[in-house]
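Shown below: my_file27.txt, with compact mmCIF, C-alpha atoms.
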# COMPACT_ATOMS: atom_id res chain seq x y z
CA GLY A 1205 6.43 -13.22 6.39
CA GLN A 1206 5.57 -13.64 2.74
CA GLN A 1207 7.66 -11.84 0.15
CA LEU A 1208 6.97 -10.63 -3.34
CA ASN A 1209 9.72 -10.21 -5.92
CA GLN A 1210 8.81 -7.38 -8.25
CA SER A 1211 10.80 -6.64 -11.38
CA PRO A 1212 12.23 -4.65 -12.86
CA GLN A 1213 13.14 -2.18 -10.11
CA SER A 1214 13.15 0.67 -12.60
CA MET A 1215 12.47 1.21 -16.28
CA PHE A 1216 13.61 4.00 -18.58
CA ILE A 1217 11.51 4.00 -21.74
CA GLN A 1218 10.53 6.24 -24.61
CA GLU A 1219 7.05 7.71 -24.84
CA GLY A 1220 4.84 5.42 -26.91
CA GLU A 1221 6.61 2.21 -25.91
CA ASP A 1222 4.88 -0.68 -24.22
CA VAL A 1223 5.81 -1.56 -20.64
CA SER A 1224 5.78 -4.88 -18.84
CA MET A 1225 6.44 -5.64 -15.19
CA ASN A 1226 5.81 -8.66 -13.01
CA CYS A 1227 5.67 -10.04 -9.51
CA THR A 1228 6.47 -13.52 -8.30
CA SER A 1229 6.05 -15.18 -4.95
CA SER A 1230 6.93 -18.43 -3.26
CA SER A 1231 3.46 -18.36 -1.67
CA ILE A 1232 0.00 -18.64 -3.15
CA PHE A 1233 -2.24 -15.59 -3.16
CA ASN A 1234 -5.99 -15.44 -3.64
CA THR A 1235 -6.02 -11.89 -4.97
CA TRP A 1236 -3.48 -9.83 -6.88
CA LEU A 1237 -3.62 -6.05 -6.91
CA TRP A 1238 -1.71 -3.44 -8.88
CA TYR A 1239 -1.30 0.09 -7.52
CA LYS A 1240 0.32 3.23 -8.90
CA GLN A 1241 1.89 5.88 -6.70
CA ASP A 1242 2.62 9.41 -7.83
CA PRO A 1243 5.18 11.55 -5.94
CA GLY A 1244 3.78 12.82 -2.65
CA GLU A 1245 0.60 10.76 -2.94
CA GLY A 1246 -0.73 7.47 -1.66
CA PRO A 1247 -0.98 4.35 -3.83
CA VAL A 1248 -4.03 4.28 -6.09
CA LEU A 1249 -5.59 1.00 -7.17
CA LEU A 1250 -5.30 0.26 -10.90
CA ILE A 1251 -6.47 -3.31 -11.29
CA ALA A 1252 -7.66 -6.09 -8.99
CA LEU A 1253 -7.52 -9.77 -9.99
CA TYR A 1254 -9.52 -12.41 -8.15
CA LYS A 1255 -9.21 -15.66 -10.10
CA ALA A 1256 -6.24 -17.70 -11.27
CA GLY A 1257 -5.77 -17.19 -15.02
CA GLU A 1258 -7.87 -14.01 -15.03
CA LEU A 1259 -6.86 -11.37 -17.56
CA THR A 1260 -8.25 -7.90 -16.88
CA SER A 1261 -7.89 -4.60 -18.72
CA ASN A 1262 -8.34 -1.02 -17.59
CA GLY A 1263 -7.81 1.27 -20.56
CA ARG A 1264 -4.19 0.85 -21.71
CA LEU A 1265 -3.43 -1.37 -18.72
CA THR A 1266 -3.69 -5.14 -18.77
CA ALA A 1267 -2.95 -7.44 -15.86
CA GLN A 1268 -3.04 -11.20 -15.43
CA PHE A 1269 -3.34 -13.47 -12.40
CA GLY A 1270 -0.97 -16.40 -12.95
CA ILE A 1271 -2.32 -19.93 -13.17
CA THR A 1272 -0.13 -21.08 -10.28
CA ARG A 1273 -1.43 -18.14 -8.16
CA LYS A 1274 2.17 -17.26 -7.43
CA ASP A 1275 2.66 -14.55 -10.01
CA SER A 1276 1.08 -11.64 -11.85
CA PHE A 1277 2.09 -9.23 -14.58
CA LEU A 1278 1.06 -5.73 -15.58
CA ASN A 1279 1.38 -4.38 -19.11
CA ILE A 1280 0.98 -0.75 -20.15
CA SER A 1281 0.55 -0.12 -23.86
CA ALA A 1282 1.61 3.04 -25.70
CA SER A 1283 3.04 4.78 -22.65
CA ILE A 1284 2.36 8.49 -22.11
CA PRO A 1285 4.07 11.00 -19.78
CA SER A 1286 1.41 10.69 -17.06
CA ASP A 1287 2.27 6.99 -16.69
CA VAL A 1288 5.39 8.04 -14.81
CA GLY A 1289 5.36 6.85 -11.22
CA ILE A 1290 5.98 3.83 -9.04
CA TYR A 1291 3.92 0.71 -9.64
CA PHE A 1292 3.36 -1.76 -6.83
CA CYS A 1293 2.00 -5.26 -6.93
CA ALA A 1294 0.28 -6.65 -3.85
CA GLY A 1295 -0.86 -10.14 -3.04
CA GLN A 1296 -3.70 -10.88 -0.68
CA THR A 1297 -4.54 -14.04 1.19
CA ASP A 1298 -7.75 -15.05 2.89
CA SER A 1299 -5.92 -16.13 5.98
CA GLY A 1300 -8.44 -14.59 8.34
CA GLY A 1301 -5.78 -12.33 9.85
CA GLY A 1302 -5.32 -8.75 8.69
CA ALA A 1303 -1.63 -8.87 9.48
CA ASP A 1304 -1.08 -11.47 6.76
CA GLY A 1305 -3.72 -10.16 4.43
CA LEU A 1306 -1.74 -7.92 2.06
CA THR A 1307 1.88 -8.18 0.98
CA PHE A 1308 3.50 -5.57 -1.26
CA GLY A 1309 6.29 -5.79 -3.78
CA LYS A 1310 9.03 -3.16 -3.58
CA GLY A 1311 7.83 -1.31 -6.63
CA THR A 1312 8.81 -0.62 -10.24
CA HIS A 1313 9.86 2.97 -10.92
CA LEU A 1314 8.73 3.94 -14.43
CA ILE A 1315 10.50 6.85 -16.08
CA ILE A 1316 9.45 8.02 -19.53
CA GLN A 1317 11.79 9.97 -21.76
CA PRO A 1318 10.06 12.24 -24.27
CA ASP B 1209 -11.34 8.97 -4.40
CA ALA B 1210 -12.03 7.18 -1.11
CA GLY B 1211 -12.68 9.68 1.69
CA ILE B 1212 -9.45 9.30 3.61
CA THR B 1213 -7.47 12.14 5.12
CA GLN B 1214 -4.29 12.08 7.13
CA SER B 1215 -2.93 14.73 9.47
CA PRO B 1216 -0.47 16.21 9.65
CA ARG B 1217 0.84 15.78 6.10
CA HIS B 1218 4.36 16.69 7.18
CA LYS B 1219 6.03 16.70 10.58
CA VAL B 1220 9.55 17.22 11.85
CA THR B 1221 10.26 16.23 15.42
CA GLU B 1222 13.15 15.42 17.71
CA THR B 1223 14.29 12.06 19.01
CA GLY B 1224 12.51 11.09 22.20
CA THR B 1225 9.37 13.15 21.68
CA PRO B 1226 5.91 11.59 21.36
CA VAL B 1227 4.15 11.85 18.01
CA THR B 1228 0.56 11.05 17.03
CA LEU B 1229 -0.61 10.71 13.46
CA ARG B 1230 -4.28 10.74 12.60
CA CYS B 1231 -6.23 8.94 9.90
CA HIS B 1232 -9.82 9.97 9.27
CA GLN B 1233 -12.29 8.25 6.93
CA THR B 1234 -15.78 9.16 5.80
CA GLU B 1235 -16.54 5.78 4.17
CA ASN B 1236 -17.67 3.95 7.31
CA HIS B 1237 -15.28 1.10 6.48
CA ARG B 1238 -14.66 -1.41 9.23
CA TYR B 1239 -10.97 -2.09 8.58
CA MET B 1240 -8.20 0.48 8.91
CA TYR B 1241 -4.46 0.01 8.50
CA TRP B 1242 -1.22 1.87 9.14
CA TYR B 1243 1.75 1.25 6.84
CA ARG B 1244 5.19 2.76 6.60
CA GLN B 1245 7.02 3.19 3.30
CA ASP B 1246 10.79 3.22 3.11
CA PRO B 1247 13.17 3.02 0.14
CA GLY B 1248 14.04 -0.58 -0.62
CA HIS B 1249 11.26 -1.97 1.57
CA GLY B 1250 8.04 -0.98 -0.12
CA LEU B 1251 4.99 -0.76 2.13
CA ARG B 1252 5.04 -2.61 5.45
CA LEU B 1253 2.11 -3.05 7.80
CA ILE B 1254 2.51 -1.55 11.28
CA HIS B 1255 -0.90 -2.13 12.92
CA TYR B 1256 -4.43 -2.63 11.76
CA SER B 1257 -7.91 -2.33 13.21
CA TYR B 1258 -10.92 -4.54 12.56
CA GLY B 1259 -13.39 -2.44 14.51
CA VAL B 1260 -13.76 0.15 17.25
CA LYS B 1261 -11.27 -0.70 20.01
CA ASP B 1262 -10.17 -3.82 18.08
CA THR B 1263 -6.58 -3.66 16.87
CA ASP B 1264 -3.72 -6.03 16.15
CA LYS B 1265 -0.04 -5.93 15.26
CA GLY B 1266 1.45 -6.02 11.81
CA GLU B 1267 4.89 -6.85 10.51
CA VAL B 1268 6.74 -3.85 12.01
CA SER B 1269 4.80 -2.90 15.14
CA ASP B 1270 7.67 -2.36 17.60
CA GLY B 1271 7.80 1.26 18.84
CA TYR B 1272 4.25 2.02 17.70
CA SER B 1273 0.84 1.92 19.33
CA VAL B 1274 -2.60 2.57 17.88
CA SER B 1275 -6.06 3.44 19.06
CA ARG B 1276 -9.49 3.46 17.51
CA SER B 1277 -12.22 4.98 19.63
CA LYS B 1278 -14.50 5.79 16.69
CA THR B 1279 -15.13 4.07 13.36
CA GLU B 1280 -13.84 7.07 11.44
CA ASP B 1281 -10.55 7.69 13.27
CA PHE B 1282 -7.42 5.55 13.62
CA LEU B 1283 -4.49 7.05 15.52
CA LEU B 1284 -0.86 5.96 15.29
CA THR B 1285 1.38 6.95 18.20
CA LEU B 1286 5.13 6.89 18.49
CA GLU B 1287 5.65 7.07 22.26
CA SER B 1288 9.28 8.13 21.95
CA ALA B 1289 10.29 8.82 18.37
CA THR B 1290 13.61 7.51 17.03
CA SER B 1291 15.49 8.37 13.85
CA SER B 1292 14.69 4.91 12.48
CA GLN B 1293 11.03 5.94 12.45
CA THR B 1294 11.70 8.63 9.86
CA SER B 1295 9.42 7.46 7.06
CA VAL B 1296 6.30 8.12 5.07
CA TYR B 1297 3.23 6.75 6.84
CA PHE B 1298 0.11 5.68 4.97
CA CYS B 1299 -3.30 4.87 6.27
CA ALA B 1300 -5.57 2.51 4.35
CA ILE B 1301 -9.16 1.37 4.71
CA SER B 1302 -11.24 -1.55 3.50
CA GLN B 1303 -14.84 -2.58 3.89
CA ARG B 1304 -14.05 -6.20 4.66
CA GLU B 1305 -10.81 -7.94 5.54
CA THR B 1306 -10.30 -9.39 2.08
CA ASP B 1307 -11.55 -6.34 0.20
CA THR B 1308 -9.30 -4.00 -1.72
CA GLN B 1309 -7.53 -1.45 0.45
CA TYR B 1310 -7.69 2.25 -0.40
CA PHE B 1311 -4.91 4.55 0.71
CA GLY B 1312 -4.71 8.01 2.18
CA PRO B 1313 -2.30 10.70 0.94
CA GLY B 1314 0.42 9.93 3.50
CA THR B 1315 2.30 11.72 6.28
CA ARG B 1316 6.00 12.43 5.90
CA LEU B 1317 7.64 12.20 9.33
CA THR B 1318 11.23 13.25 9.98
CA VAL B 1319 12.81 12.46 13.34
CA LEU B 1320 15.99 14.45 13.96

If you took the structure in this file and wrote it as structure tokens, what would it be?
Amino acid sequence: GQQLNQSPQSMFIQEGEDVSMNCTSSSIFNTWLWYKQDPGEGPVLLIALYKAGELTSNGRLTAQFGITRKDSFLNISASIPSDVGIYFCAGQTDSGGGADGLTFGKGTHLIIQP
Amino acid sequence: DAGITQSPRHKVTETGTPVTLRCHQTENHRYMYWYRQDPGHGLRLIHYSYGVKDTDKGEVSDGYSVSRSKTEDFLLTLESATSSQTSVYFCAISQRETDTQYFGPGTRLTVL
């Protein structure tokens, strides 16, 4: 199946710093999604990207859909304690089969030191 | 939040016993999915459903079966649980196949 390489695996930062993480793939995706997961909860959608080159913001979060359709990045500006969690990228195809529809990265664990 | 609930939220069982996890939605979405989440693997698709009584296999379907007799409920069954099925299981829903998926709160299953 398709694979996404998400990096970094974990980040230890100071409160107030900016954060950047990315996902790359050997396959083309038609949609890129970024989710955040808090401990003991399910992933929650942060940003969805539908067009190559698209740059979308949601508050302090900014994400971009790479021109090649094989990568995406997520930036968080001025991090705060509630940003702690695991961030997942996911790529979606329009293959017509649900089994191939959504592929997840392995996550970036964000830890913020006060 | 999307109206998705999962039950039970936690379960401990013994190897060889049958286990059924339930996903319930109030959004009337057509598509429902079961994923498992394990350290180092992220989220992997087990089975999905594209309508009542319509299901198909995902990436890691061996040892699991599913059923969907009503739009709102999607059941995941482990016929004979094994320790390798210890995991956190998430249900997700979407309106259409290519729509964004929304996740439930998860079920933590431990097989001893």

Shell around Ile1271 (chain A) at 12 Å using all atoms listed in the file, local window under 4 positions removed, as a PDB file with C-alpha atoms, in the coordinates of the input:
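Result written to selection_39.pdb:
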ATOM      1  CA  THR A1228       6.470 -13.520  -8.300  1.00  0.00           C
ATOM      2  CA  ILE A1232       0.000 -18.640  -3.150  1.00  0.00           C
ATOM      3  CA  PHE A1233      -2.240 -15.590  -3.160  1.00  0.00           C
ATOM      4  CA  ASN A1234      -5.990 -15.440  -3.640  1.00  0.00           C
ATOM      5  CA  TRP A1236      -3.480  -9.830  -6.880  1.00  0.00           C
ATOM      6  CA  LEU A1253      -7.520  -9.770  -9.990  1.00  0.00           C
ATOM      7  CA  TYR A1254      -9.520 -12.410  -8.150  1.00  0.00           C
ATOM      8  CA  LYS A1255      -9.210 -15.660 -10.100  1.00  0.00           C
ATOM      9  CA  ALA A1256      -6.240 -17.700 -11.270  1.00  0.00           C
ATOM     10  CA  GLY A1257      -5.770 -17.190 -15.020  1.00  0.00           C
ATOM     11  CA  GLU A1258      -7.870 -14.010 -15.030  1.00  0.00           C
ATOM     12  CA  LEU A1259      -6.860 -11.370 -17.560  1.00  0.00           C
ATOM     13  CA  ASP A1275       2.660 -14.550 -10.010  1.00  0.00           C
ATOM     14  CA  SER A1276       1.080 -11.640 -11.850  1.00  0.00           C
ATOM     15  CA  PHE A1277       2.090  -9.230 -14.580  1.00  0.00           C
TER      16      PHE A1277
END

Inset, instruction - Write out as a list in words which residues come within 9 Å of Thr1223 (chain B) when counting only C-alpha atoms, dropping same-chain ones fewer than 4 positions away. - result: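 Everything that qualifies: Ser1288, Ala1289, Thr1290, Ser1291, Val1319 and Leu1320 of chain B.
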
Legend entry - 8 Å contact set for region 1226-1229 of chain B, only C-alpha atoms, chain neighbours under 6 positions out, as a list in words: Gln1214, Ser1215, Pro1216, Leu1283, Leu1284, Thr1285, Leu1286, Glu1287, Ser1288, Ala1289 and Thr1315 of chain B

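From CA of Gly1312 (chain B) back to CA of Thr1294 (chain B), the distance works out to 18.1 Å.
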
Output as a tab-separated table one row per residue of chain B within 7 Å of chain A: the closest atom pair and its distance in Å to one decimal place, counting all atoms listed in the file, sorted by chain and residue number ascending.
residue	atom	partner	partner_atom	distance
B:Gly1248	CA	A:Lys1310	CA	6.4
B:His1249	CA	A:Lys1310	CA	5.7
B:Gly1250	CA	A:Lys1310	CA	4.2
B:Leu1251	CA	A:Phe1308	CA	6.1
B:Tyr1256	CA	A:Gly1302	CA	6.9
B:Lys1265	CA	A:Ala1303	CA	6.7
B:Gly1266	CA	A:Ala1303	CA	4.8
B:Glu1267	CA	A:Ala1303	CA	6.9
B:Phe1298	CA	A:Gly1246	CA	6.9
B:Glu1305	CA	A:Gly1302	CA	6.4
B:Thr1306	CA	A:Asp1298	CA	6.3
B:Phe1311	CA	A:Gly1246	CA	5.6
B:Gly1312	CA	A:Gly1246	CA	5.6
B:Pro1313	CA	A:Gly1246	CA	4.4
B:Gly1314	CA	A:Gly1246	CA	5.8

Legend entry - Length of the CA of Gly1270 (chain A) to CA of Ile1290 (chain A) vector [Å]: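 So the answer is 21.7 Å.
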
Can you rebuild region 1213-1224 of chain B with all heavy atoms and give it as an mmCIF file, in the coordinates of the input?
data_model
loop_
_atom_site.group_PDB
_atom_site.id
_atom_site.type_symbol
_atom_site.label_atom_id
_atom_site.label_comp_id
_atom_site.auth_asym_id
_atom_site.auth_seq_id
_atom_site.Cartn_x
_atom_site.Cartn_y
_atom_site.Cartn_z
ATOM 1 N N THR B 1213 -8.403 11.049 4.898
ATOM 2 C CA THR B 1213 -7.470 12.140 5.120
ATOM 3 C C THR B 1213 -6.498 11.759 6.222
ATOM 4 O O THR B 1213 -6.831 10.970 7.111
ATOM 5 C CB THR B 1213 -8.185 13.445 5.494
ATOM 6 O OG1 THR B 1213 -9.009 13.200 6.652
ATOM 7 C CG2 THR B 1213 -9.066 13.928 4.355
ATOM 8 N N GLN B 1214 -5.307 12.320 6.128
ATOM 9 C CA GLN B 1214 -4.290 12.080 7.130
ATOM 10 C C GLN B 1214 -3.765 13.427 7.624
ATOM 11 O O GLN B 1214 -3.611 14.363 6.843
ATOM 12 C CB GLN B 1214 -3.136 11.259 6.560
ATOM 13 C CG GLN B 1214 -3.511 9.837 6.228
ATOM 14 C CD GLN B 1214 -2.319 9.010 5.760
ATOM 15 O OE1 GLN B 1214 -2.358 8.379 4.712
ATOM 16 N NE2 GLN B 1214 -1.253 9.000 6.538
ATOM 17 N N SER B 1215 -3.489 13.499 8.916
ATOM 18 C CA SER B 1215 -2.930 14.730 9.470
ATOM 19 C C SER B 1215 -1.914 14.409 10.556
ATOM 20 O O SER B 1215 -2.092 13.430 11.299
ATOM 21 C CB SER B 1215 -4.052 15.611 10.024
ATOM 22 O OG SER B 1215 -4.769 14.928 11.032
ATOM 23 N N PRO B 1216 -0.834 15.204 10.636
ATOM 24 C CA PRO B 1216 -0.470 16.210 9.650
ATOM 25 C C PRO B 1216 0.045 15.563 8.369
ATOM 26 O O PRO B 1216 0.259 14.349 8.335
ATOM 27 C CB PRO B 1216 0.645 16.974 10.363
ATOM 28 C CG PRO B 1216 1.305 15.925 11.215
ATOM 29 C CD PRO B 1216 0.171 15.040 11.694
ATOM 30 N N ARG B 1217 0.255 16.316 7.326
ATOM 31 C CA ARG B 1217 0.840 15.780 6.100
ATOM 32 C C ARG B 1217 2.365 15.745 6.189
ATOM 33 O O ARG B 1217 3.014 14.917 5.553
ATOM 34 C CB ARG B 1217 0.425 16.624 4.899
ATOM 35 C CG ARG B 1217 -1.049 16.547 4.541
ATOM 36 C CD ARG B 1217 -1.465 15.147 4.057
ATOM 37 N NE ARG B 1217 -0.584 14.571 3.077
ATOM 38 C CZ ARG B 1217 -0.652 14.812 1.771
ATOM 39 N NH1 ARG B 1217 -1.579 15.618 1.303
ATOM 40 N NH2 ARG B 1217 0.191 14.217 0.935
ATOM 41 N N HIS B 1218 2.908 16.638 6.971
ATOM 42 C CA HIS B 1218 4.360 16.690 7.180
ATOM 43 C C HIS B 1218 4.626 17.018 8.637
ATOM 44 O O HIS B 1218 3.903 17.832 9.227
ATOM 45 C CB HIS B 1218 5.018 17.766 6.308
ATOM 46 C CG HIS B 1218 4.766 17.597 4.853
ATOM 47 N ND1 HIS B 1218 5.565 16.826 4.036
ATOM 48 C CD2 HIS B 1218 3.783 18.089 4.059
ATOM 49 C CE1 HIS B 1218 5.104 16.873 2.807
ATOM 50 N NE2 HIS B 1218 4.023 17.621 2.788
ATOM 51 N N LYS B 1219 5.656 16.373 9.201
ATOM 52 C CA LYS B 1219 6.030 16.700 10.580
ATOM 53 C C LYS B 1219 7.510 16.441 10.766
ATOM 54 O O LYS B 1219 8.029 15.403 10.325
ATOM 55 C CB LYS B 1219 5.226 15.888 11.582
ATOM 56 C CG LYS B 1219 5.507 16.300 13.032
ATOM 57 C CD LYS B 1219 4.545 15.673 13.997
ATOM 58 C CE LYS B 1219 4.820 16.164 15.418
ATOM 59 N NZ LYS B 1219 4.544 17.620 15.579
ATOM 60 N N VAL B 1220 8.154 17.380 11.445
ATOM 61 C CA VAL B 1220 9.550 17.220 11.850
ATOM 62 C C VAL B 1220 9.571 17.265 13.363
ATOM 63 O O VAL B 1220 8.998 18.181 13.973
ATOM 64 C CB VAL B 1220 10.441 18.333 11.266
ATOM 65 C CG1 VAL B 1220 11.883 18.135 11.720
ATOM 66 C CG2 VAL B 1220 10.361 18.347 9.739
ATOM 67 N N THR B 1221 10.214 16.288 13.963
ATOM 68 C CA THR B 1221 10.260 16.230 15.420
ATOM 69 C C THR B 1221 11.644 15.778 15.867
ATOM 70 O O THR B 1221 12.488 15.416 15.047
ATOM 71 C CB THR B 1221 9.168 15.281 15.954
ATOM 72 O OG1 THR B 1221 9.055 15.422 17.361
ATOM 73 C CG2 THR B 1221 9.514 13.827 15.624
ATOM 74 N N GLU B 1222 11.841 15.813 17.173
ATOM 75 C CA GLU B 1222 13.150 15.420 17.710
ATOM 76 C C GLU B 1222 13.074 14.042 18.367
ATOM 77 O O GLU B 1222 12.015 13.625 18.862
ATOM 78 C CB GLU B 1222 13.628 16.455 18.721
ATOM 79 C CG GLU B 1222 13.926 17.804 18.095
ATOM 80 C CD GLU B 1222 14.515 18.787 19.081
ATOM 81 O OE1 GLU B 1222 14.490 18.496 20.294
ATOM 82 O OE2 GLU B 1222 15.006 19.852 18.645
ATOM 83 N N THR B 1223 14.204 13.374 18.365
ATOM 84 C CA THR B 1223 14.290 12.060 19.010
ATOM 85 C C THR B 1223 13.809 12.144 20.449
ATOM 86 O O THR B 1223 14.145 13.087 21.169
ATOM 87 C CB THR B 1223 15.747 11.565 18.974
ATOM 88 O OG1 THR B 1223 16.155 11.404 17.615
ATOM 89 C CG2 THR B 1223 15.888 10.245 19.697
ATOM 90 N N GLY B 1224 12.990 11.172 20.825
ATOM 91 C CA GLY B 1224 12.510 11.090 22.200
ATOM 92 C C GLY B 1224 11.169 11.755 22.445
ATOM 93 O O GLY B 1224 10.578 11.566 23.514
#
